[in-house]
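model_8.cif follows; it contains mmCIF, C-alpha atoms.
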```
data_entry
#
loop_
_atom_site.group_PDB
_atom_site.id
_atom_site.type_symbol
_atom_site.label_atom_id
_atom_site.label_comp_id
_atom_site.auth_asym_id
_atom_site.auth_seq_id
_atom_site.Cartn_x
_atom_site.Cartn_y
_atom_site.Cartn_z
ATOM 1 C CA MET P 1 -1.155 135.964 10.217
ATOM 2 C CA ARG P 2 2.624 135.601 10.085
ATOM 3 C CA VAL P 3 2.583 133.702 13.373
ATOM 4 C CA ARG P 4 -0.076 131.352 12.091
ATOM 5 C CA SER P 5 1.855 130.701 8.847
ATOM 6 C CA ARG P 6 4.940 129.941 10.861
ATOM 7 C CA ALA P 7 2.964 127.553 13.048
ATOM 8 C CA VAL P 8 1.515 125.793 10.003
ATOM 9 C CA ALA P 9 4.985 125.427 8.463
ATOM 10 C CA THR P 10 6.373 124.077 11.701
ATOM 11 C CA GLY P 11 3.527 121.583 11.971
ATOM 12 C CA PHE P 12 4.144 120.414 8.415
ATOM 13 C CA VAL P 13 7.829 119.804 9.128
ATOM 14 C CA VAL P 14 6.932 117.807 12.230
ATOM 15 C CA LEU P 15 4.501 115.645 10.248
ATOM 16 C CA VAL P 16 7.151 114.968 7.599
ATOM 17 C CA LEU P 17 9.649 113.935 10.283
ATOM 18 C CA ILE P 18 7.119 111.635 11.930
ATOM 19 C CA ALA P 19 6.328 110.020 8.579
ATOM 20 C CA ALA P 20 10.034 109.515 7.836
ATOM 21 C CA ILE P 21 10.663 107.935 11.216
ATOM 22 C CA GLY P 22 7.647 105.711 10.707
ATOM 23 C CA MET P 23 8.984 104.514 7.365
ATOM 24 C CA ILE P 24 12.351 103.659 8.919
ATOM 25 C CA VAL P 25 10.661 101.659 11.668
ATOM 26 C CA VAL P 26 8.501 99.796 9.151
ATOM 27 C CA LEU P 27 11.498 98.966 6.975
ATOM 28 C CA ARG P 28 13.567 97.752 9.913
ATOM 29 C CA GLN P 29 10.726 95.709 11.427
ATOM 30 C CA ALA P 30 9.113 94.386 8.265
ATOM 31 C CA GLY P 31 8.629 90.671 8.199
ATOM 32 C CA ASP P 32 9.075 88.092 5.467
ATOM 33 C CA GLY P 33 7.555 90.403 2.881
ATOM 34 C CA LEU P 34 10.662 92.590 2.775
ATOM 35 C CA ARG P 35 13.315 91.502 0.333
ATOM 36 C CA LEU P 36 16.261 93.161 -1.317
ATOM 37 C CA PRO P 37 15.424 94.852 -4.659
ATOM 38 C CA LEU P 38 15.923 92.626 -7.681
ATOM 39 C CA ALA P 39 17.387 95.256 -10.014
ATOM 40 C CA GLY P 40 20.899 94.509 -11.201
ATOM 41 C CA ARG P 41 21.023 90.968 -9.822
ATOM 42 C CA ALA P 42 23.841 88.981 -11.443
ATOM 43 C CA CYS P 43 24.044 85.833 -9.295
ATOM 44 C CA THR P 44 21.553 83.073 -8.552
ATOM 45 C CA VAL P 45 22.085 80.584 -5.735
ATOM 46 C CA GLN P 46 20.062 77.367 -5.691
ATOM 47 C CA ALA P 47 20.346 74.928 -2.799
ATOM 48 C CA ASP P 48 16.987 73.746 -1.434
ATOM 49 C CA GLY P 49 15.699 77.235 -2.238
ATOM 50 C CA GLU P 50 16.748 80.161 -4.396
ATOM 51 C CA VAL P 51 18.448 83.476 -3.642
ATOM 52 C CA THR P 52 19.423 86.216 -6.084
ATOM 53 C CA LEU P 53 22.198 88.721 -5.369
ATOM 54 C CA ASP P 54 24.353 91.182 -7.243
ATOM 55 C CA SER P 55 28.068 90.479 -7.666
ATOM 56 C CA GLN P 56 29.129 92.612 -4.693
ATOM 57 C CA GLN P 57 26.695 90.915 -2.332
ATOM 58 C CA MET P 58 27.696 87.488 -3.643
ATOM 59 C CA ALA P 59 31.401 88.116 -3.073
ATOM 60 C CA ASN P 60 30.761 89.365 0.466
ATOM 61 C CA ALA P 61 28.568 86.353 1.281
ATOM 62 C CA ALA P 62 31.260 83.988 -0.010
ATOM 63 C CA THR P 63 33.915 85.624 2.148
ATOM 64 C CA ILE P 64 31.716 85.539 5.265
ATOM 65 C CA ALA P 65 31.126 81.809 4.732
ATOM 66 C CA ALA P 66 34.811 81.086 4.073
ATOM 67 C CA ILE P 67 35.957 82.863 7.223
ATOM 68 C CA GLY P 68 33.489 80.776 9.206
ATOM 69 C CA VAL P 69 34.986 77.564 7.805
ATOM 70 C CA GLN P 70 38.546 78.751 8.380
ATOM 71 C CA ARG P 71 37.673 79.489 12.006
ATOM 72 C CA GLU P 72 36.121 76.013 12.307
ATOM 73 C CA MET P 73 32.742 77.449 13.233
ATOM 74 C CA PRO P 74 29.657 75.217 12.860
ATOM 75 C CA GLU P 75 27.440 75.615 9.814
ATOM 76 C CA ARG P 76 24.815 77.245 12.017
ATOM 77 C CA ALA P 77 27.246 80.095 12.754
ATOM 78 C CA VAL P 78 27.539 80.879 9.048
ATOM 79 C CA VAL P 79 23.746 81.074 8.801
ATOM 80 C CA VAL P 80 23.655 83.508 11.734
ATOM 81 C CA ALA P 81 26.487 85.616 10.311
ATOM 82 C CA LEU P 82 24.890 85.870 6.871
ATOM 83 C CA ALA P 83 21.482 86.751 8.323
ATOM 84 C CA THR P 84 23.123 89.467 10.423
ATOM 85 C CA ALA P 85 24.959 90.981 7.452
ATOM 86 C CA TYR P 86 21.776 90.748 5.362
ATOM 87 C CA GLN P 87 19.882 92.820 7.912
ATOM 88 C CA GLU P 88 22.593 95.273 8.886
ATOM 89 C CA SER P 89 23.967 96.186 5.462
ATOM 90 C CA GLY P 90 22.178 94.204 2.760
ATOM 91 C CA LEU P 91 25.465 92.273 2.388
ATOM 92 C CA ARG P 92 27.259 95.470 1.368
ATOM 93 C CA ASN P 93 30.464 96.852 2.827
ATOM 94 C CA LEU P 94 29.045 100.240 3.828
ATOM 95 C CA THR P 95 31.239 103.248 4.588
ATOM 96 C CA GLY P 96 28.855 104.466 7.293
ATOM 97 C CA GLY P 97 25.523 103.936 8.996
ATOM 98 C CA ASP P 98 23.739 104.696 12.251
ATOM 99 C CA ARG P 99 26.052 106.856 14.365
ATOM 100 C CA ASP P 100 29.577 105.473 13.816
ATOM 101 C CA SER P 101 28.524 102.064 12.431
ATOM 102 C CA VAL P 102 30.651 100.734 9.560
ATOM 103 C CA GLY P 103 30.873 97.771 7.216
ATOM 104 C CA LEU P 104 29.015 94.528 6.569
ATOM 105 C CA PHE P 105 27.881 94.042 10.166
ATOM 106 C CA GLN P 106 27.578 97.760 10.985
ATOM 107 C CA GLN P 107 30.035 97.367 13.842
ATOM 108 C CA ARG P 108 30.920 100.495 15.822
ATOM 109 C CA PRO P 109 34.467 101.616 16.627
ATOM 110 C CA SER P 110 33.147 103.319 19.754
ATOM 111 C CA GLN P 111 31.909 99.939 20.990
ATOM 112 C CA GLY P 112 35.312 98.298 20.678
ATOM 113 C CA TRP P 113 34.898 96.480 17.360
ATOM 114 C CA GLY P 114 38.040 98.018 15.875
ATOM 115 C CA THR P 115 39.049 101.016 13.810
ATOM 116 C CA PRO P 116 36.865 102.093 10.859
ATOM 117 C CA THR P 117 39.555 100.849 8.478
ATOM 118 C CA GLN P 118 39.650 97.446 10.158
ATOM 119 C CA ILE P 119 35.883 97.080 10.204
ATOM 120 C CA ARG P 120 35.685 97.929 6.485
ATOM 121 C CA ASP P 121 37.762 94.803 5.834
ATOM 122 C CA PRO P 122 35.131 92.048 5.320
ATOM 123 C CA ARG P 123 37.473 89.365 6.633
ATOM 124 C CA TYR P 124 38.235 91.273 9.805
ATOM 125 C CA ALA P 125 34.568 92.138 10.349
ATOM 126 C CA ALA P 126 33.422 88.543 9.829
ATOM 127 C CA GLY P 127 36.149 87.255 12.132
ATOM 128 C CA LYS P 128 35.125 89.662 14.883
ATOM 129 C CA PHE P 129 31.489 88.630 14.520
ATOM 130 C CA TYR P 130 32.309 84.918 14.776
ATOM 131 C CA ALA P 131 34.564 85.548 17.786
ATOM 132 C CA ALA P 132 31.753 87.403 19.566
ATOM 133 C CA LEU P 133 29.167 84.759 18.642
ATOM 134 C CA LYS P 134 31.399 81.995 19.976
ATOM 135 C CA LYS P 135 31.331 83.653 23.413
ATOM 136 C CA VAL P 136 27.519 83.550 23.602
ATOM 137 C CA ARG P 137 26.506 80.649 25.793
ATOM 138 C CA GLY P 138 24.032 78.325 24.070
ATOM 139 C CA TRP P 139 23.876 80.256 20.796
ATOM 140 C CA GLN P 140 23.680 76.996 18.805
ATOM 141 C CA ASP P 141 20.246 76.275 20.285
ATOM 142 C CA MET P 142 18.836 79.773 19.750
ATOM 143 C CA ARG P 143 16.774 81.082 16.883
ATOM 144 C CA VAL P 144 18.875 82.860 14.269
ATOM 145 C CA THR P 145 17.568 86.258 15.351
ATOM 146 C CA ASP P 146 18.196 85.596 19.048
ATOM 147 C CA ALA P 147 21.795 84.502 18.432
ATOM 148 C CA ALA P 148 22.418 87.521 16.206
ATOM 149 C CA GLN P 149 20.859 89.868 18.740
ATOM 150 C CA LYS P 150 23.166 88.614 21.492
ATOM 151 C CA VAL P 151 26.065 89.911 19.406
ATOM 152 C CA GLN P 152 24.551 92.983 17.773
ATOM 153 C CA ARG P 153 22.277 94.338 20.539
ATOM 154 C CA SER P 154 20.019 95.944 17.950
ATOM 155 C CA ALA P 155 16.999 98.136 18.629
ATOM 156 C CA PHE P 156 15.117 95.702 16.366
ATOM 157 C CA PRO P 157 15.868 92.272 17.852
ATOM 158 C CA GLU P 158 13.419 90.329 15.644
ATOM 159 C CA ALA P 159 14.704 91.775 12.361
ATOM 160 C CA TYR P 160 17.344 89.119 11.683
ATOM 161 C CA GLU P 161 14.891 86.221 11.530
ATOM 162 C CA LYS P 162 13.410 87.283 8.206
ATOM 163 C CA TRP P 163 16.750 86.512 6.527
ATOM 164 C CA ALA P 164 17.126 83.025 8.033
ATOM 165 C CA ASP P 165 15.804 81.129 4.994
ATOM 166 C CA GLU P 166 17.949 83.030 2.484
ATOM 167 C CA SER P 167 20.984 82.585 4.711
ATOM 168 C CA GLN P 168 20.378 78.841 4.949
ATOM 169 C CA VAL P 169 20.288 78.580 1.143
ATOM 170 C CA LEU P 170 23.524 80.567 0.831
ATOM 171 C CA THR P 171 25.211 78.505 3.526
ATOM 172 C CA ARG P 172 24.348 75.172 1.897
ATOM 173 C CA ALA P 173 25.760 76.375 -1.419
ATOM 174 C CA LEU P 174 28.856 78.163 -0.145
ATOM 175 C CA LEU P 175 29.799 75.312 2.187
ATOM 176 C CA GLY P 176 29.686 72.810 -0.664
ATOM 177 C CA HIS P 177 26.561 70.826 0.199
ATOM 178 C CA ALA P 178 25.216 71.392 -3.329
ATOM 179 C CA SER P 179 26.991 71.269 -6.681
ATOM 180 C CA THR P 180 26.703 73.931 -9.427
ATOM 181 C CA ALA P 181 24.713 75.954 -6.908
ATOM 182 C CA VAL P 182 26.178 79.421 -7.602
ATOM 183 C CA SER P 183 25.729 80.916 -11.069
ATOM 184 C CA CYS P 184 26.827 84.460 -11.911
ATOM 185 C CA SER P 185 26.567 86.405 -15.149
ATOM 186 C CA VAL P 186 29.576 88.669 -15.630
ATOM 187 C CA GLY P 187 29.486 91.254 -18.401
ATOM 188 C CA GLY P 188 31.638 94.169 -19.482
ATOM 189 C CA ASP P 189 35.409 94.510 -19.370
ATOM 190 C CA PRO P 190 37.082 92.495 -16.581
ATOM 191 C CA VAL P 191 38.339 94.486 -13.608
ATOM 192 C CA LEU P 192 41.584 92.493 -13.520
ATOM 193 C CA ARG P 193 43.474 90.433 -16.074
ATOM 194 C CA GLY P 194 46.396 88.052 -16.281
ATOM 195 C CA ALA P 195 48.970 88.061 -13.518
ATOM 196 C CA ALA P 196 47.108 90.740 -11.537
ATOM 197 C CA ALA P 197 43.941 88.634 -11.527
ATOM 198 C CA ILE P 198 45.829 85.493 -10.492
ATOM 199 C CA ALA P 199 47.570 87.420 -7.684
ATOM 200 C CA ALA P 200 44.243 88.740 -6.377
ATOM 201 C CA LEU P 201 42.696 85.269 -6.431
ATOM 202 C CA THR P 202 45.597 83.596 -4.652
ATOM 203 C CA GLU P 203 45.601 86.320 -1.998
ATOM 204 C CA GLY P 204 41.861 85.844 -1.508
ATOM 205 C CA LEU P 205 42.184 82.067 -1.237
ATOM 206 C CA SER P 206 44.920 82.490 1.368
ATOM 207 C CA LEU P 207 43.044 85.067 3.442
ATOM 208 C CA ASP P 208 39.542 83.574 3.166
ATOM 209 C CA TRP P 209 40.329 79.849 3.297
ATOM 210 C CA GLY P 210 43.863 79.675 4.673
ATOM 211 C CA LEU P 211 45.107 77.818 1.577
ATOM 212 C CA VAL P 212 48.820 77.673 0.789
ATOM 213 C CA ALA P 213 50.761 77.965 -2.449
ATOM 214 C CA LEU P 214 51.972 74.611 -3.744
ATOM 215 C CA ARG P 215 55.764 74.746 -3.986
ATOM 216 C CA SER P 216 56.568 71.072 -3.578
ATOM 217 C CA ASP P 217 54.866 67.769 -2.843
ATOM 218 C CA ASP P 218 55.452 68.515 0.844
ATOM 219 C CA ASP P 219 52.584 71.017 0.615
ATOM 220 C CA ARG P 220 50.181 68.231 -0.350
ATOM 221 C CA ARG P 221 49.383 67.372 3.241
ATOM 222 C CA ALA P 222 46.211 65.363 3.719
ATOM 223 C CA GLY P 223 43.144 67.471 4.294
ATOM 224 C CA ARG P 224 44.880 70.739 3.457
ATOM 225 C CA GLY P 225 43.923 72.637 0.328
ATOM 226 C CA TYR P 226 46.509 74.352 -1.851
ATOM 227 C CA PHE P 227 46.732 76.399 -5.045
ATOM 228 C CA SER P 228 49.158 76.736 -7.926
ATOM 229 C CA SER P 229 49.239 78.953 -11.007
ATOM 230 C CA ALA P 230 50.114 78.001 -14.570
ATOM 231 C CA VAL P 231 50.315 79.492 -18.046
ATOM 232 C CA ASP P 232 48.004 78.752 -20.958
ATOM 233 C CA SER P 233 49.083 77.406 -24.349
ATOM 234 C CA TYR P 234 50.159 80.923 -25.357
ATOM 235 C CA GLY P 235 52.345 81.417 -22.303
ATOM 236 C CA ASN P 236 49.904 83.781 -20.582
ATOM 237 C CA PRO P 237 49.585 83.524 -16.758
ATOM 238 C CA THR P 238 45.848 82.860 -16.776
ATOM 239 C CA LEU P 239 45.355 79.500 -15.038
ATOM 240 C CA LEU P 240 44.871 78.731 -11.342
ATOM 241 C CA LYS P 241 44.528 75.265 -9.840
ATOM 242 C CA VAL P 242 43.045 74.732 -6.381
ATOM 243 C CA GLY P 243 43.791 71.307 -4.928
ATOM 244 C CA VAL P 244 41.281 69.534 -2.690
ATOM 245 C CA ASN P 245 43.750 67.001 -1.218
ATOM 246 C CA ASP P 246 41.321 65.031 0.954
ATOM 247 C CA PHE P 247 41.301 61.347 0.033
ATOM 248 C CA GLU P 248 40.055 57.998 1.280
ATOM 249 C CA ARG P 249 40.747 54.443 0.200
ATOM 250 C CA SER P 250 37.988 52.732 -1.750
ATOM 251 C CA PRO P 251 36.917 49.109 -1.092
ATOM 252 C CA ALA P 252 39.024 48.157 -4.118
ATOM 253 C CA GLY P 253 42.080 49.692 -2.465
ATOM 254 C CA SER P 254 42.495 52.787 -4.666
ATOM 255 C CA LEU P 255 42.600 56.354 -3.366
ATOM 256 C CA THR P 256 39.577 58.507 -4.172
ATOM 257 C CA THR P 257 38.494 61.965 -3.143
ATOM 258 C CA SER P 258 36.519 61.746 0.100
ATOM 259 C CA ALA P 259 32.993 63.114 0.468
ATOM 260 C CA GLU P 260 34.427 65.965 2.526
ATOM 261 C CA GLY P 261 36.993 66.537 -0.198
ATOM 262 C CA VAL P 262 34.264 66.875 -2.823
ATOM 263 C CA ARG P 263 32.418 69.342 -0.593
ATOM 264 C CA ALA P 264 35.658 71.315 -0.220
ATOM 265 C CA GLY P 265 36.027 71.309 -3.997
ATOM 266 C CA TRP P 266 32.574 72.832 -4.429
ATOM 267 C CA ARG P 267 33.291 75.348 -1.673
ATOM 268 C CA TYR P 268 36.333 76.620 -3.591
ATOM 269 C CA THR P 269 34.453 76.420 -6.901
ATOM 270 C CA HIS P 270 31.539 78.501 -5.665
ATOM 271 C CA TRP P 271 33.919 80.979 -4.043
ATOM 272 C CA LEU P 272 35.703 81.480 -7.369
ATOM 273 C CA VAL P 273 32.419 82.065 -9.205
ATOM 274 C CA SER P 274 31.243 84.429 -6.447
ATOM 275 C CA HIS P 275 34.392 86.536 -6.841
ATOM 276 C CA ALA P 276 34.497 86.305 -10.639
ATOM 277 C CA LYS P 277 33.533 89.888 -11.440
ATOM 278 C CA GLU P 278 36.044 91.608 -9.169
ATOM 279 C CA HIS P 279 38.876 89.205 -10.035
ATOM 280 C CA GLY P 280 38.432 88.752 -13.784
ATOM 281 C CA VAL P 281 37.533 85.044 -13.673
ATOM 282 C CA LYS P 282 36.565 83.774 -17.105
ATOM 283 C CA ARG P 283 35.927 80.064 -16.517
ATOM 284 C CA VAL P 284 35.761 77.584 -13.626
ATOM 285 C CA THR P 285 35.651 73.783 -13.924
ATOM 286 C CA TYR P 286 35.281 71.057 -11.298
ATOM 287 C CA ASP P 287 34.060 67.479 -11.213
ATOM 288 C CA GLY P 288 32.930 67.411 -14.830
ATOM 289 C CA ARG P 289 31.079 70.758 -14.704
ATOM 290 C CA GLU P 290 32.032 74.054 -16.303
ATOM 291 C CA TRP P 291 30.914 77.642 -15.587
ATOM 292 C CA THR P 292 31.822 80.533 -17.866
ATOM 293 C CA ALA P 293 31.400 84.255 -17.297
ATOM 294 C CA LYS P 294 30.027 84.713 -20.803
ATOM 295 C CA ARG P 295 27.354 82.047 -20.465
ATOM 296 C CA GLY P 296 26.689 82.641 -16.783
ATOM 297 C CA ASP P 297 25.613 79.082 -15.984
ATOM 298 C CA TRP P 298 26.903 75.519 -15.738
ATOM 299 C CA LYS P 299 27.205 72.759 -18.296
ATOM 300 C CA ARG P 300 28.273 69.123 -18.084
ATOM 301 C CA LEU P 301 31.627 68.203 -19.605
ATOM 302 C CA PRO P 302 32.480 64.889 -21.303
ATOM 303 C CA ASP P 303 33.270 62.064 -18.885
ATOM 304 C CA SER P 304 36.910 62.229 -19.987
ATOM 305 C CA ASP P 305 37.121 65.703 -18.438
ATOM 306 C CA ARG P 306 35.788 64.677 -15.048
ATOM 307 C CA GLY P 307 38.037 65.142 -12.045
ATOM 308 C CA ASP P 308 37.375 66.006 -8.427
ATOM 309 C CA THR P 309 40.919 66.452 -7.118
ATOM 310 C CA GLU P 310 41.451 69.997 -8.421
ATOM 311 C CA VAL P 311 39.374 73.049 -9.272
ATOM 312 C CA LEU P 312 40.581 74.884 -12.372
ATOM 313 C CA ALA P 313 39.994 78.612 -12.840
ATOM 314 C CA GLU P 314 40.900 80.651 -15.900
ATOM 315 C CA VAL P 315 41.142 84.450 -15.853
ATOM 316 C CA HIS P 316 41.063 86.875 -18.760
ATOM 317 C CA ALA P 317 44.442 87.301 -20.442
ATOM 318 C CA ASP P 318 46.212 90.650 -20.660
ATOM 319 C CA VAL P 319 45.472 92.552 -23.855
#
```
Translate the structure described by the file into structure tokens.
Amino acid sequence: MRVRSRAVATGFVVLVLIAAIGMIVVLRQAGDGLRLPLAGRACTVQADGEVTLDSQQMANAATIAAIGVQREMPERAVVVALATAYQESGLRNLTGGDRDSVGLFQQRPSQGWGTPTQIRDPRYAAGKFYAALKKVRGWQDMRVTDAAQKVQRSAFPEAYEKWADESQVLTRALLGHASTAVSCSVGGDPVLRGAAAIAALTEGLSLDWGLVALRSDDDRRAGRGYFSSAVDSYGNPTLLKVGVNDFERSPAGSLTTSAEGVRAGWRYTHWLVSHAKEHGVKRVTYDGREWTAKRGDWKRLPDSDRGDTEVLAEVHADV
């Protein structure tokens, strides 16, 4: 009787393990019906489609896109990178995973991707992914999942394709092809305020986009973005300006912001909104539109407030 009970217990454990493995396989291989849970979503992205993310996912997506631009990778590469991070980590910077996998792309130190500390840096991880993708011959002509699989070598090679549509929407928005495309609701006390918030933003703009601090007019080189900080009417260090600095001459002979310059402006604008929660951003304005953390969406400003040469961000003041 004891032997039989032990056999029954053993059989039950085996069945549970089989069921668990089956669930993992289903989740990894599920098609278009699988989507990230909607609970706690704070950001909506609309650009020929709609995607909803929480603030952490939104910030990671914005950084992945920015690193792609800084590395002069084609738009298609950003789509592939975002789809890969969607599948591997749900756009979260994970501390662990399968075996020794780490970070947004679940890269493995044992496979030469870097140290765990390096891979946990989203900028480093995205850069390594783009570098590996660039070495894949003909990746531009592959399906998203095939290009991603050439880099990742996953046991589930078709899994990346189900994130292609969402990644295309994110890419269009984060690369500036749509205006007012990223809206985030930010509640609660800001993580950073004042000078600390401005310092975090300027560091992020430098690392993600390669922008430089404006110290003199010599920094206003054509086609190169820059940033500068300022104080509000009370003397608080709460204002940050991001210059587009990409102009063309109109038929009338005056200088106007080029189409690429406007796209760059929306890239920086959407990046600032995407990183609003972690960096204490209170308000962002560009090209006659204003987003506020309190309202969580965009509104049109009077024509007198229109301007497409600089993005203005305001952070919460120190208390």
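Distance-wise, atom CA of Thr115 of chain P and atom CA of Ala65 of chain P end up 22.7 Å apart.
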Expansion of the PyMOL selection byres ((chain P and resi 91) around 12) into residues, as a count of residues only: 36
Selection result of the PyMOL selection byres ((chain P and resi 272-288) around 9) on this file, as an NGL selection string: :P and (43 or 55-62 or 182-187 or 189-194 or 196-198 or 200-201 or 205 or 262 or 265-271 or 289-294 or 299-316)
Once you have the residues from the selection above, write them out as a PDB file, in the coordinates of the input, restricted to C-alpha atoms.
```pdb
ATOM      1  CA  CYS P  43      24.044  85.833  -9.295  1.00  0.00           C
ATOM      2  CA  SER P  55      28.068  90.479  -7.666  1.00  0.00           C
ATOM      3  CA  GLN P  56      29.129  92.612  -4.693  1.00  0.00           C
ATOM      4  CA  GLN P  57      26.695  90.915  -2.332  1.00  0.00           C
ATOM      5  CA  MET P  58      27.696  87.488  -3.643  1.00  0.00           C
ATOM      6  CA  ALA P  59      31.401  88.116  -3.073  1.00  0.00           C
ATOM      7  CA  ASN P  60      30.761  89.365   0.466  1.00  0.00           C
ATOM      8  CA  ALA P  61      28.568  86.353   1.281  1.00  0.00           C
ATOM      9  CA  ALA P  62      31.260  83.988  -0.010  1.00  0.00           C
ATOM     10  CA  VAL P 182      26.178  79.421  -7.602  1.00  0.00           C
ATOM     11  CA  SER P 183      25.729  80.916 -11.069  1.00  0.00           C
ATOM     12  CA  CYS P 184      26.827  84.460 -11.911  1.00  0.00           C
ATOM     13  CA  SER P 185      26.567  86.405 -15.149  1.00  0.00           C
ATOM     14  CA  VAL P 186      29.576  88.669 -15.630  1.00  0.00           C
ATOM     15  CA  GLY P 187      29.486  91.254 -18.401  1.00  0.00           C
ATOM     16  CA  ASP P 189      35.409  94.510 -19.370  1.00  0.00           C
ATOM     17  CA  PRO P 190      37.082  92.495 -16.581  1.00  0.00           C
ATOM     18  CA  VAL P 191      38.339  94.486 -13.608  1.00  0.00           C
ATOM     19  CA  LEU P 192      41.584  92.493 -13.520  1.00  0.00           C
ATOM     20  CA  ARG P 193      43.474  90.433 -16.074  1.00  0.00           C
ATOM     21  CA  GLY P 194      46.396  88.052 -16.281  1.00  0.00           C
ATOM     22  CA  ALA P 196      47.108  90.740 -11.537  1.00  0.00           C
ATOM     23  CA  ALA P 197      43.941  88.634 -11.527  1.00  0.00           C
ATOM     24  CA  ILE P 198      45.829  85.493 -10.492  1.00  0.00           C
ATOM     25  CA  ALA P 200      44.243  88.740  -6.377  1.00  0.00           C
ATOM     26  CA  LEU P 201      42.696  85.269  -6.431  1.00  0.00           C
ATOM     27  CA  LEU P 205      42.184  82.067  -1.237  1.00  0.00           C
ATOM     28  CA  VAL P 262      34.264  66.875  -2.823  1.00  0.00           C
ATOM     29  CA  GLY P 265      36.027  71.309  -3.997  1.00  0.00           C
ATOM     30  CA  TRP P 266      32.574  72.832  -4.429  1.00  0.00           C
ATOM     31  CA  ARG P 267      33.291  75.348  -1.673  1.00  0.00           C
ATOM     32  CA  TYR P 268      36.333  76.620  -3.591  1.00  0.00           C
ATOM     33  CA  THR P 269      34.453  76.420  -6.901  1.00  0.00           C
ATOM     34  CA  HIS P 270      31.539  78.501  -5.665  1.00  0.00           C
ATOM     35  CA  TRP P 271      33.919  80.979  -4.043  1.00  0.00           C
ATOM     36  CA  ARG P 289      31.079  70.758 -14.704  1.00  0.00           C
ATOM     37  CA  GLU P 290      32.032  74.054 -16.303  1.00  0.00           C
ATOM     38  CA  TRP P 291      30.914  77.642 -15.587  1.00  0.00           C
ATOM     39  CA  THR P 292      31.822  80.533 -17.866  1.00  0.00           C
ATOM     40  CA  ALA P 293      31.400  84.255 -17.297  1.00  0.00           C
ATOM     41  CA  LYS P 294      30.027  84.713 -20.803  1.00  0.00           C
ATOM     42  CA  LYS P 299      27.205  72.759 -18.296  1.00  0.00           C
ATOM     43  CA  ARG P 300      28.273  69.123 -18.084  1.00  0.00           C
ATOM     44  CA  LEU P 301      31.627  68.203 -19.605  1.00  0.00           C
ATOM     45  CA  PRO P 302      32.480  64.889 -21.303  1.00  0.00           C
ATOM     46  CA  ASP P 303      33.270  62.064 -18.885  1.00  0.00           C
ATOM     47  CA  SER P 304      36.910  62.229 -19.987  1.00  0.00           C
ATOM     48  CA  ASP P 305      37.121  65.703 -18.438  1.00  0.00           C
ATOM     49  CA  ARG P 306      35.788  64.677 -15.048  1.00  0.00           C
ATOM     50  CA  GLY P 307      38.037  65.142 -12.045  1.00  0.00           C
ATOM     51  CA  ASP P 308      37.375  66.006  -8.427  1.00  0.00           C
ATOM     52  CA  THR P 309      40.919  66.452  -7.118  1.00  0.00           C
ATOM     53  CA  GLU P 310      41.451  69.997  -8.421  1.00  0.00           C
ATOM     54  CA  VAL P 311      39.374  73.049  -9.272  1.00  0.00           C
ATOM     55  CA  LEU P 312      40.581  74.884 -12.372  1.00  0.00           C
ATOM     56  CA  ALA P 313      39.994  78.612 -12.840  1.00  0.00           C
ATOM     57  CA  GLU P 314      40.900  80.651 -15.900  1.00  0.00           C
ATOM     58  CA  VAL P 315      41.142  84.450 -15.853  1.00  0.00           C
ATOM     59  CA  HIS P 316      41.063  86.875 -18.760  1.00  0.00           C
TER      60      HIS P 316
END
```
Pick from P:Val319, P:Ala131, P:Leu240, P:Ala164 nearest to Asp146 of chain P, counting only C-alpha atoms: P:Ala164
Exercise: Val45 of chain P partners within 6 Å, all atoms listed in the file, chain neighbours under 2 positions left out, as a PyMOL selection string: chain P and resi 50-51+181-182
Residue members of the PyMOL selection byres ((chain P and resi 178) around 9) in the file shown, as a list in words: Gln46, Ala47, Asp48, Arg172, Ala173, Leu174, Leu175, Gly176, His177, Ser179, Thr180, Ala181, Arg263 and Trp266 of chain P
Length of the atom CA of Leu214 of chain P to atom CA of Asp121 of chain P vector [Å]: 26.5 Å
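Contact shell of Val212 of chain P at 8 Å (only C-alpha atoms; same-chain neighbours under 4 positions omitted): Ser206, Asp219, Gly225, Tyr226 and Phe227 of chain P.
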Residues within 12 Å of Ser233 of chain P, only C-alpha atoms, excluding chain neighbours under 5 positions, as a ChimeraX atom specification: /P:238-239,317
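Across the structure, atom CA of Gly96 of chain P and atom CA of Lys134 of chain P are spaced 25.9 Å apart.
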Pick from P:Ala66, P:Ala125, P:Val231, P:Met142, whichever lies nearest to Leu211 of chain P using all atoms listed in the file: P:Ala66
